[in-house]
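Novice: Provided herewith: model.txt, compact mmCIF, C-alpha atoms.
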```txt
# COMPACT_ATOMS: atom_id res chain seq x y z
CA MET X 1 -59.43 -105.70 -103.92
CA PRO X 2 -63.12 -105.66 -104.87
CA GLU X 3 -65.13 -103.85 -107.48
CA VAL X 4 -66.82 -101.25 -105.30
CA ASP X 5 -70.53 -101.11 -106.09
CA ALA X 6 -72.45 -98.52 -104.07
CA THR X 7 -75.75 -100.19 -105.05
CA ARG X 8 -74.86 -103.45 -103.27
CA PRO X 9 -73.79 -104.30 -99.72
CA PRO X 10 -70.04 -104.96 -99.40
CA GLY X 11 -70.65 -108.66 -98.75
CA GLU X 12 -71.83 -109.00 -102.35
CA TRP X 13 -68.92 -107.18 -103.98
CA ILE X 14 -66.84 -109.23 -106.39
CA LEU X 15 -63.11 -109.01 -107.01
CA SER X 16 -61.77 -106.45 -109.44
CA SER X 17 -59.60 -107.62 -112.31
CA ASP X 18 -56.53 -106.67 -110.26
CA GLY X 19 -57.98 -108.61 -107.33
CA ILE X 20 -58.54 -111.68 -109.48
CA ASN X 21 -54.94 -111.60 -110.71
CA ALA X 22 -53.56 -111.07 -107.20
CA ALA X 23 -55.60 -113.95 -105.74
CA ALA X 24 -54.55 -116.31 -108.52
CA ALA X 25 -50.92 -115.32 -107.96
CA LEU X 26 -51.05 -116.72 -104.41
CA GLN X 27 -50.74 -120.23 -105.91
CA LEU X 28 -51.77 -122.31 -102.88
CA GLU X 29 -53.02 -125.26 -104.94
CA ALA X 30 -50.14 -127.48 -103.80
CA LEU X 31 -51.57 -127.55 -100.28
CA ALA X 32 -53.56 -130.64 -99.35
CA ALA X 33 -56.03 -128.45 -97.53
CA SER X 34 -59.65 -128.04 -96.65
CA ALA X 35 -61.04 -124.73 -97.94
CA VAL X 36 -63.44 -122.53 -95.99
CA SER X 37 -64.26 -118.87 -96.30
CA SER X 38 -66.19 -115.96 -94.94
CA PRO X 39 -69.53 -115.82 -96.78
CA GLU X 40 -68.48 -112.59 -98.51
CA ARG X 41 -68.26 -113.19 -102.25
CA LYS X 42 -64.82 -111.61 -102.65
CA ALA X 43 -63.43 -113.86 -99.90
CA VAL X 44 -64.85 -116.99 -101.53
CA GLN X 45 -63.43 -115.91 -104.88
CA THR X 46 -60.01 -115.31 -103.36
CA VAL X 47 -59.84 -118.79 -101.79
CA ALA X 48 -61.08 -120.47 -104.96
CA LEU X 49 -58.56 -118.67 -107.16
CA ALA X 50 -55.66 -119.24 -104.77
CA LEU X 51 -56.37 -122.99 -104.57
CA ARG X 52 -57.41 -123.39 -108.22
CA LEU X 53 -60.85 -124.59 -107.15
CA PRO X 54 -64.35 -123.82 -108.35
CA GLU X 55 -66.17 -121.49 -105.97
CA SER X 56 -68.66 -124.28 -105.26
CA ALA X 57 -65.84 -126.29 -103.62
CA VAL X 58 -65.23 -123.60 -100.99
CA ALA X 59 -67.33 -124.00 -97.85
CA THR X 60 -68.48 -120.87 -96.06
CA ALA X 61 -68.72 -120.18 -92.33
CA VAL X 62 -70.06 -117.03 -90.70
CA SER X 63 -67.45 -117.44 -87.94
CA PHE X 64 -64.87 -116.06 -90.37
CA ARG X 65 -66.80 -112.94 -91.41
CA GLU X 66 -65.34 -109.49 -90.87
CA VAL X 67 -66.02 -107.58 -87.68
CA ASP X 68 -69.67 -106.61 -87.25
CA ARG X 69 -69.84 -102.83 -87.12
CA VAL X 70 -71.82 -99.72 -87.93
CA GLU X 71 -69.44 -97.62 -89.96
CA SER X 72 -69.43 -94.75 -92.38
CA VAL X 73 -66.43 -94.48 -94.66
CA HIS X 74 -65.12 -91.04 -93.78
CA ASP X 75 -61.74 -89.35 -93.42
CA GLY X 76 -61.11 -90.92 -90.02
CA PHE X 77 -62.43 -94.43 -90.64
CA ARG X 78 -58.99 -96.02 -90.59
CA ASP X 79 -58.20 -94.28 -87.30
CA ALA X 80 -61.37 -95.82 -85.84
CA ARG X 81 -60.37 -99.25 -87.11
CA ARG X 82 -56.83 -98.80 -85.80
CA ALA X 83 -58.17 -97.92 -82.36
CA TRP X 84 -60.42 -101.00 -82.43
CA ILE X 85 -57.44 -103.23 -83.26
CA ALA X 86 -55.55 -101.67 -80.33
CA GLY X 87 -58.49 -102.33 -78.00
CA ARG X 88 -59.13 -98.62 -77.43
CA LEU X 89 -62.88 -98.54 -77.90
CA ASP X 90 -64.74 -95.22 -77.66
CA GLU X 91 -67.86 -93.51 -78.98
CA ARG X 92 -66.76 -94.23 -82.56
CA HIS X 93 -67.28 -97.94 -81.91
CA GLU X 94 -70.87 -97.85 -80.75
CA GLY X 95 -72.61 -100.83 -82.36
CA TRP X 96 -69.31 -102.56 -83.13
CA GLU X 97 -68.52 -106.13 -82.16
CA THR X 98 -65.80 -106.16 -79.51
CA PRO X 99 -62.34 -107.59 -80.29
CA ASP X 100 -62.90 -110.35 -77.69
CA ALA X 101 -66.23 -111.37 -79.24
CA ALA X 102 -64.79 -111.38 -82.75
CA ALA X 103 -61.78 -113.44 -81.68
CA ARG X 104 -63.95 -115.94 -79.84
CA ARG X 105 -66.25 -116.75 -82.75
CA PHE X 106 -63.25 -116.95 -85.09
CA HIS X 107 -61.68 -119.45 -82.66
CA GLU X 108 -64.90 -121.45 -82.52
CA GLY X 109 -64.88 -121.54 -86.32
CA LEU X 110 -61.40 -123.06 -86.29
CA LEU X 111 -62.40 -125.64 -83.68
CA ALA X 112 -65.22 -126.73 -85.97
CA GLN X 113 -62.79 -127.57 -88.80
CA ASP X 114 -61.84 -131.23 -89.13
CA ALA X 115 -58.79 -131.30 -91.35
CA ARG X 116 -55.02 -131.48 -91.09
CA HIS X 117 -54.55 -128.25 -93.03
CA VAL X 118 -57.18 -125.56 -93.45
CA VAL X 119 -57.13 -122.55 -95.74
CA VAL X 120 -59.43 -119.88 -94.32
CA GLY X 121 -60.54 -116.94 -96.44
CA THR X 122 -61.17 -114.15 -93.95
CA HIS X 123 -60.68 -110.45 -93.27
CA GLY X 124 -57.97 -108.31 -91.74
CA MET X 125 -59.59 -107.00 -88.58
CA VAL X 126 -61.10 -110.25 -87.34
CA LEU X 127 -57.96 -112.21 -88.21
CA THR X 128 -55.81 -109.71 -86.33
CA ALA X 129 -58.12 -109.83 -83.30
CA TRP X 130 -57.82 -113.62 -83.17
CA LEU X 131 -54.04 -113.65 -83.64
CA ALA X 132 -53.65 -111.06 -80.88
CA SER X 133 -55.91 -113.04 -78.55
CA GLN X 134 -53.67 -116.08 -79.06
CA GLY X 135 -50.48 -114.11 -78.45
CA LEU X 136 -49.31 -114.77 -82.02
CA VAL X 137 -48.59 -111.14 -82.92
CA ALA X 138 -46.58 -108.78 -80.74
CA ASP X 139 -48.01 -105.55 -82.17
CA ALA X 140 -51.54 -106.02 -83.47
CA VAL X 141 -51.80 -102.58 -85.09
CA ALA X 142 -48.49 -102.94 -86.94
CA PHE X 143 -49.48 -106.41 -88.15
CA TRP X 144 -52.86 -105.19 -89.39
CA GLU X 145 -51.40 -102.16 -91.16
CA ALA X 146 -48.81 -104.34 -92.93
CA LEU X 147 -51.39 -106.76 -94.39
CA ARG X 148 -51.50 -106.79 -98.17
CA PHE X 149 -54.57 -107.32 -100.37
CA PRO X 150 -54.63 -110.28 -100.60
CA ASP X 151 -52.12 -111.81 -98.18
CA VAL X 152 -51.28 -115.24 -96.79
CA VAL X 153 -50.59 -115.84 -93.11
CA GLU X 154 -49.34 -119.32 -92.21
CA ILE X 155 -49.67 -120.53 -88.63
CA GLY X 156 -49.39 -123.80 -86.78
CA ILE X 157 -51.24 -123.89 -83.49
CA PRO X 158 -52.74 -126.77 -81.53
CA LEU X 159 -56.40 -126.48 -80.68
CA LEU X 160 -57.13 -128.51 -77.56
CA ARG X 161 -60.22 -130.64 -76.99
CA VAL X 162 -60.98 -132.04 -73.55
CA ARG X 163 -63.17 -135.03 -72.72
CA ALA X 164 -64.25 -136.89 -69.60
CA VAL X 165 -64.25 -140.61 -68.95
CA LEU X 166 -67.19 -140.01 -66.67
CA THR X 167 -68.51 -142.61 -64.20
CA ASP X 168 -71.44 -142.49 -61.80
CA ALA X 169 -71.66 -143.74 -58.22
CA ASP X 170 -72.19 -147.30 -59.47
CA GLY X 171 -69.12 -147.24 -61.69
CA ARG X 172 -71.12 -147.06 -64.92
CA PHE X 173 -69.92 -144.94 -67.83
CA VAL X 174 -71.85 -141.81 -68.83
CA LEU X 175 -71.59 -141.53 -72.62
CA ILE X 176 -73.04 -139.58 -75.52
CA LYS X 177 -74.75 -141.59 -78.26
CA ARG X 178 -74.28 -139.80 -81.57
CA ALA X 179 -76.74 -140.45 -84.37
CA ARG X 180 -75.86 -138.59 -87.53
CA PRO X 181 -78.24 -138.67 -90.52
CA GLY X 182 -77.46 -141.60 -92.80
CA GLN X 183 -74.81 -143.12 -90.50
CA GLU X 184 -74.68 -145.89 -87.93
CA PRO X 185 -74.74 -144.57 -84.35
CA TYR X 186 -71.59 -144.44 -82.29
CA TRP X 187 -70.71 -143.45 -78.74
CA THR X 188 -68.27 -140.90 -77.40
CA THR X 189 -67.28 -139.36 -74.11
CA PRO X 190 -68.66 -135.91 -73.30
CA GLY X 191 -66.51 -132.82 -73.75
CA GLY X 192 -65.46 -130.28 -76.34
CA GLY X 193 -63.05 -127.53 -77.28
CA VAL X 194 -61.15 -125.19 -74.99
CA MET X 195 -62.45 -121.68 -75.62
CA LEU X 196 -60.66 -118.35 -75.34
CA ASP X 197 -62.34 -117.38 -72.11
CA ASP X 198 -61.76 -120.71 -70.34
CA ALA X 199 -59.28 -120.16 -67.52
CA SER X 200 -57.83 -123.66 -67.95
CA ALA X 201 -58.44 -127.02 -69.60
CA ASP X 202 -60.12 -128.18 -66.38
CA ASP X 203 -62.51 -125.22 -66.45
CA ALA X 204 -63.25 -125.90 -70.11
CA LEU X 205 -64.15 -129.50 -69.38
CA ARG X 206 -66.41 -128.54 -66.48
CA ARG X 207 -68.16 -126.01 -68.75
CA GLU X 208 -68.61 -128.56 -71.53
CA LEU X 209 -70.03 -131.18 -69.14
CA HIS X 210 -72.54 -128.67 -67.84
CA GLU X 211 -73.52 -127.64 -71.37
CA GLU X 212 -73.85 -131.20 -72.70
CA LEU X 213 -75.21 -133.00 -69.64
CA GLY X 214 -76.20 -130.45 -67.03
CA ALA X 215 -73.58 -132.23 -64.92
CA GLU X 216 -71.28 -131.35 -62.04
CA VAL X 217 -68.18 -133.53 -61.61
CA GLU X 218 -64.98 -134.18 -59.74
CA LEU X 219 -62.07 -134.34 -62.16
CA GLY X 220 -59.26 -136.86 -61.77
CA GLU X 221 -56.08 -137.63 -63.63
CA ILE X 222 -55.46 -137.66 -67.36
CA VAL X 223 -55.99 -141.17 -68.76
CA LEU X 224 -55.25 -140.57 -72.45
CA GLU X 225 -53.68 -137.89 -74.64
CA ARG X 226 -53.59 -138.01 -78.42
CA GLN X 227 -52.64 -135.74 -81.30
CA LEU X 228 -55.43 -135.72 -83.85
CA ASP X 229 -53.59 -133.78 -86.56
CA SER X 230 -51.34 -130.76 -86.86
CA ILE X 231 -54.06 -128.54 -85.39
CA HIS X 232 -56.11 -130.55 -82.94
CA SER X 233 -55.13 -132.52 -79.85
CA GLU X 234 -57.36 -134.28 -77.37
CA VAL X 235 -57.03 -135.04 -73.65
CA PHE X 236 -59.24 -137.46 -71.69
CA TYR X 237 -59.68 -137.00 -67.94
CA ALA X 238 -61.07 -139.47 -65.43
CA ALA X 239 -64.11 -137.88 -63.80
CA ARG X 240 -66.73 -138.82 -61.23
CA LEU X 241 -70.30 -137.61 -61.55
CA THR X 242 -71.60 -135.72 -58.52
CA SER X 243 -74.90 -134.45 -59.98
CA ILE X 244 -76.72 -134.37 -63.30
CA ASP X 245 -79.81 -132.59 -64.59
CA PRO X 246 -80.25 -132.97 -68.38
CA THR X 247 -82.81 -130.14 -68.40
CA LEU X 248 -79.91 -127.74 -67.73
CA ALA X 249 -78.02 -128.83 -70.86
CA ASP X 250 -77.77 -125.90 -73.25
CA GLY X 251 -74.79 -126.51 -75.53
CA PRO X 252 -74.75 -124.91 -79.00
CA GLU X 253 -74.70 -128.35 -80.66
CA PHE X 254 -78.36 -128.81 -79.70
CA ASP X 255 -79.35 -125.86 -81.89
CA ASP X 256 -78.29 -127.46 -85.18
CA PRO X 257 -80.49 -130.40 -86.26
CA SER X 258 -78.14 -131.17 -89.16
CA ARG X 259 -75.55 -132.38 -86.64
CA GLY X 260 -77.82 -135.25 -85.62
CA ALA X 261 -78.97 -136.43 -82.21
CA TYR X 262 -77.11 -136.34 -78.89
CA GLU X 263 -78.44 -138.85 -76.36
CA VAL X 264 -77.04 -139.40 -72.87
CA GLU X 265 -76.61 -143.10 -72.03
CA VAL X 266 -75.30 -144.80 -68.90
CA VAL X 267 -73.67 -148.17 -69.64
CA THR X 268 -71.92 -150.90 -67.70
CA LEU X 269 -68.52 -152.29 -68.59
CA ASP X 270 -70.11 -155.36 -70.19
CA GLU X 271 -72.38 -153.15 -72.29
CA LEU X 272 -69.38 -151.02 -73.27
CA ARG X 273 -67.77 -154.05 -74.91
CA THR X 274 -70.52 -154.15 -77.54
CA LEU X 275 -70.55 -150.44 -78.39
CA ASP X 276 -68.70 -148.51 -81.08
CA LEU X 277 -66.98 -146.21 -78.59
CA ARG X 278 -64.71 -143.68 -80.26
CA PRO X 279 -61.79 -143.35 -80.26
CA SER X 280 -61.12 -147.08 -80.35
CA GLU X 281 -57.89 -146.74 -78.33
CA LEU X 282 -59.90 -145.31 -75.44
CA LYS X 283 -62.22 -148.32 -75.49
CA GLU X 284 -59.24 -150.67 -75.51
CA LEU X 285 -57.69 -148.78 -72.59
CA LEU X 286 -60.87 -148.90 -70.51
CA LEU X 287 -61.42 -152.60 -71.13
CA ALA X 288 -57.81 -153.40 -70.25
CA GLN X 289 -58.05 -151.56 -66.93
CA ARG X 290 -61.20 -153.30 -65.70
```
What is this file in structure tokens?
Specialist:
Amino acid sequence: MPEVDATRPPGEWILSSDGINAAAALQLEALAASAVSSPERKAVQTVALALRLPESAVATAVSFREVDRVESVHDGFRDARRAWIAGRLDERHEGWETPDAAARRFHEGLLAQDARHVVVGTHGMVLTAWLASQGLVADAVAFWEALRFPDVVEIGIPLLRVRAVLTDADGRFVLIKRARPGQEPYWTTPGGGVMLDDASADDALRRELHEELGAEVELGEIVLERQLDSIHSEVFYAARLTSIDPTLADGPEFDDPSRGAYEVEVVTLDELRTLDLRPSELKELLLAQR
């Protein structure tokens, strides 16, 4: 419900007075939640008003932006959007982000959140694409058409992370040393989130190991499962290294210097005893088994 200003791009539009009142009426301030929003000003305003927060307290993430598209607002624009939601792409959608691409980056945005409850300020088309990709709406078009301005959609869905307790031919552990700015270093096992286009958790882990280490592995049994919060869970697999070439590592984490350094280290069991390996229960489990 923005103030439409033809002199500015839509991402800079602010809420109208009706939009301000409607956002404030959502009354989500009782939630103990992390707040993140699309960078669009009206989305940030909506989250801030709904949670009774200053706008400065709302983080922004481009993953939650509306669908990228080249669009003229004409008599048939809603028909074009409806067809996009239904997955029926045609010449009207030239230059548009696909539903699969939009859903994937939205999912990656959720995986990046580290909180028990998250309030996400986002937009109808991209939200619907993600919900449909997860099988959470039976009729995507009907869901999208029923959305109000603004609206609240509550979901509870586990986002799975997979990691490898990876050993080499000599039985040494292959770990990632994490050095974040201003913090003491710690060590973790390689792995990451299961993405929408991963055929299985196993495939996701193999992909992550190639991205982080340039590694090929043989996967074994699950050695540890843990629920991180109401959204995230984590599974650790035993794995044996068959080849590694760090020059092939190309994970997205290497593109963001603010996330700190990722260094591959190979350590013996005795060396493992002295390291801050996280999670601590995994370290205890490994030491107890050797």
Novice: Hey, which bits of segment 212-280 of chain X sit within 9 Å of segment 184-206 of chain X, and for each residue what's the closest pair of atoms and how far apart in Å (one decimal), counting only C-alpha atoms, rows by chain and increasing number, as a tab-separated table?
Specialist:
```
residue	atom	partner	partner_atom	distance
X:Glu212	CA	X:Pro190	CA	7.0
X:Leu213	CA	X:Pro190	CA	8.0
X:Ala215	CA	X:Arg206	CA	8.2
X:Glu216	CA	X:Arg206	CA	7.2
X:Val217	CA	X:Arg206	CA	7.2
X:Glu218	CA	X:Arg206	CA	8.9
X:Leu219	CA	X:Asp202	CA	7.7
X:Glu234	CA	X:Gly193	CA	8.8
X:Phe236	CA	X:Thr189	CA	8.6
X:Tyr237	CA	X:Leu205	CA	8.8
X:Glu265	CA	X:Trp187	CA	8.9
X:Leu275	CA	X:Trp187	CA	7.0
X:Asp276	CA	X:Tyr186	CA	5.1
X:Leu277	CA	X:Trp187	CA	4.6
X:Arg278	CA	X:Thr188	CA	5.3
X:Pro279	CA	X:Thr188	CA	7.5
```
Novice: Quick one: everything within 12 Å of Thr46 of chain X, counting only C-alpha atoms, minus sequence neighbours fewer than 2 positions away in the same chain. Send it as a VMD selection string.
Specialist: chain X and resid 1 to 2 14 to 28 35 to 44 48 to 55 58 119 to 123 149 to 152
Novice: In Å, rounded to a single decimal, give me how far atom CA of Leu136 of chain X is from atom CA of Gly156 of chain X.
Specialist: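 Distance reported for this atom pair: 10.2 Å.
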Novice: Have a look at atom CA of Glu154 of chain X and atom CA of His107 of chain X and let me know their distance in Å, one decimal.
Specialist: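 Between atom CA of Glu154 of chain X and atom CA of His107 of chain X the gap is 15.6 Å.
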Novice: Determine, counting only C-alpha atoms, which protein, DNA and RNA residues have an atom within 8 Å of an atom of Asp68 of chain X; residues of the same chain fewer than 2 positions away are not included. Present the result as a ChimeraX atom specification.
Specialist: /X:66,70,96-97
Novice: How far is it from atom CA of Gly124 of chain X to atom CA of Trp144 of chain X, in Å with one decimal?
Specialist: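 Straight-line distance from atom CA of Gly124 of chain X to atom CA of Trp144 of chain X works out to 6.4 Å.
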Novice: Would you please work out which residue, of X:Leu248, X:Ile155, X:Met125, X:Val67, is nearest to Gly95 of chain X when using all atoms listed in the file?
Specialist: X:Val67
Novice: Smallest atom-to-atom distance to Ala140 of chain X: which of X:Val126, X:Leu272, X:Leu175, X:Ala33, using only C-alpha atoms?
Specialist: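 Of X:Val126, X:Leu272, X:Leu175, X:Ala33, the one nearest Ala140 of chain X is X:Val126, counting only C-alpha atoms.
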Novice: Do you know which residues are at most 10 Å from Gln134 of chain X counting all atoms listed in the file, after dropping those on the same chain fewer than 2 positions away, and could you put them as a PyMOL selection string?
Specialist: chain X and resi 103+107+128-132+136-137+157+196
Novice: Looking at X:Arg180, X:Thr60, X:Ser280, X:Arg207, which one is nearest to Gln113 of chain X, with distances taken over only C-alpha atoms?
Specialist: X:Thr60
Novice: Can you work out which one of X:Ala115, X:Ala101, X:Ala239, X:Leu89 has the shortest atom-to-atom distance to Leu166 of chain X, counting all atoms listed in the file?
Specialist: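 The shortest atom-to-atom distance to Leu166 of chain X comes from X:Ala239.
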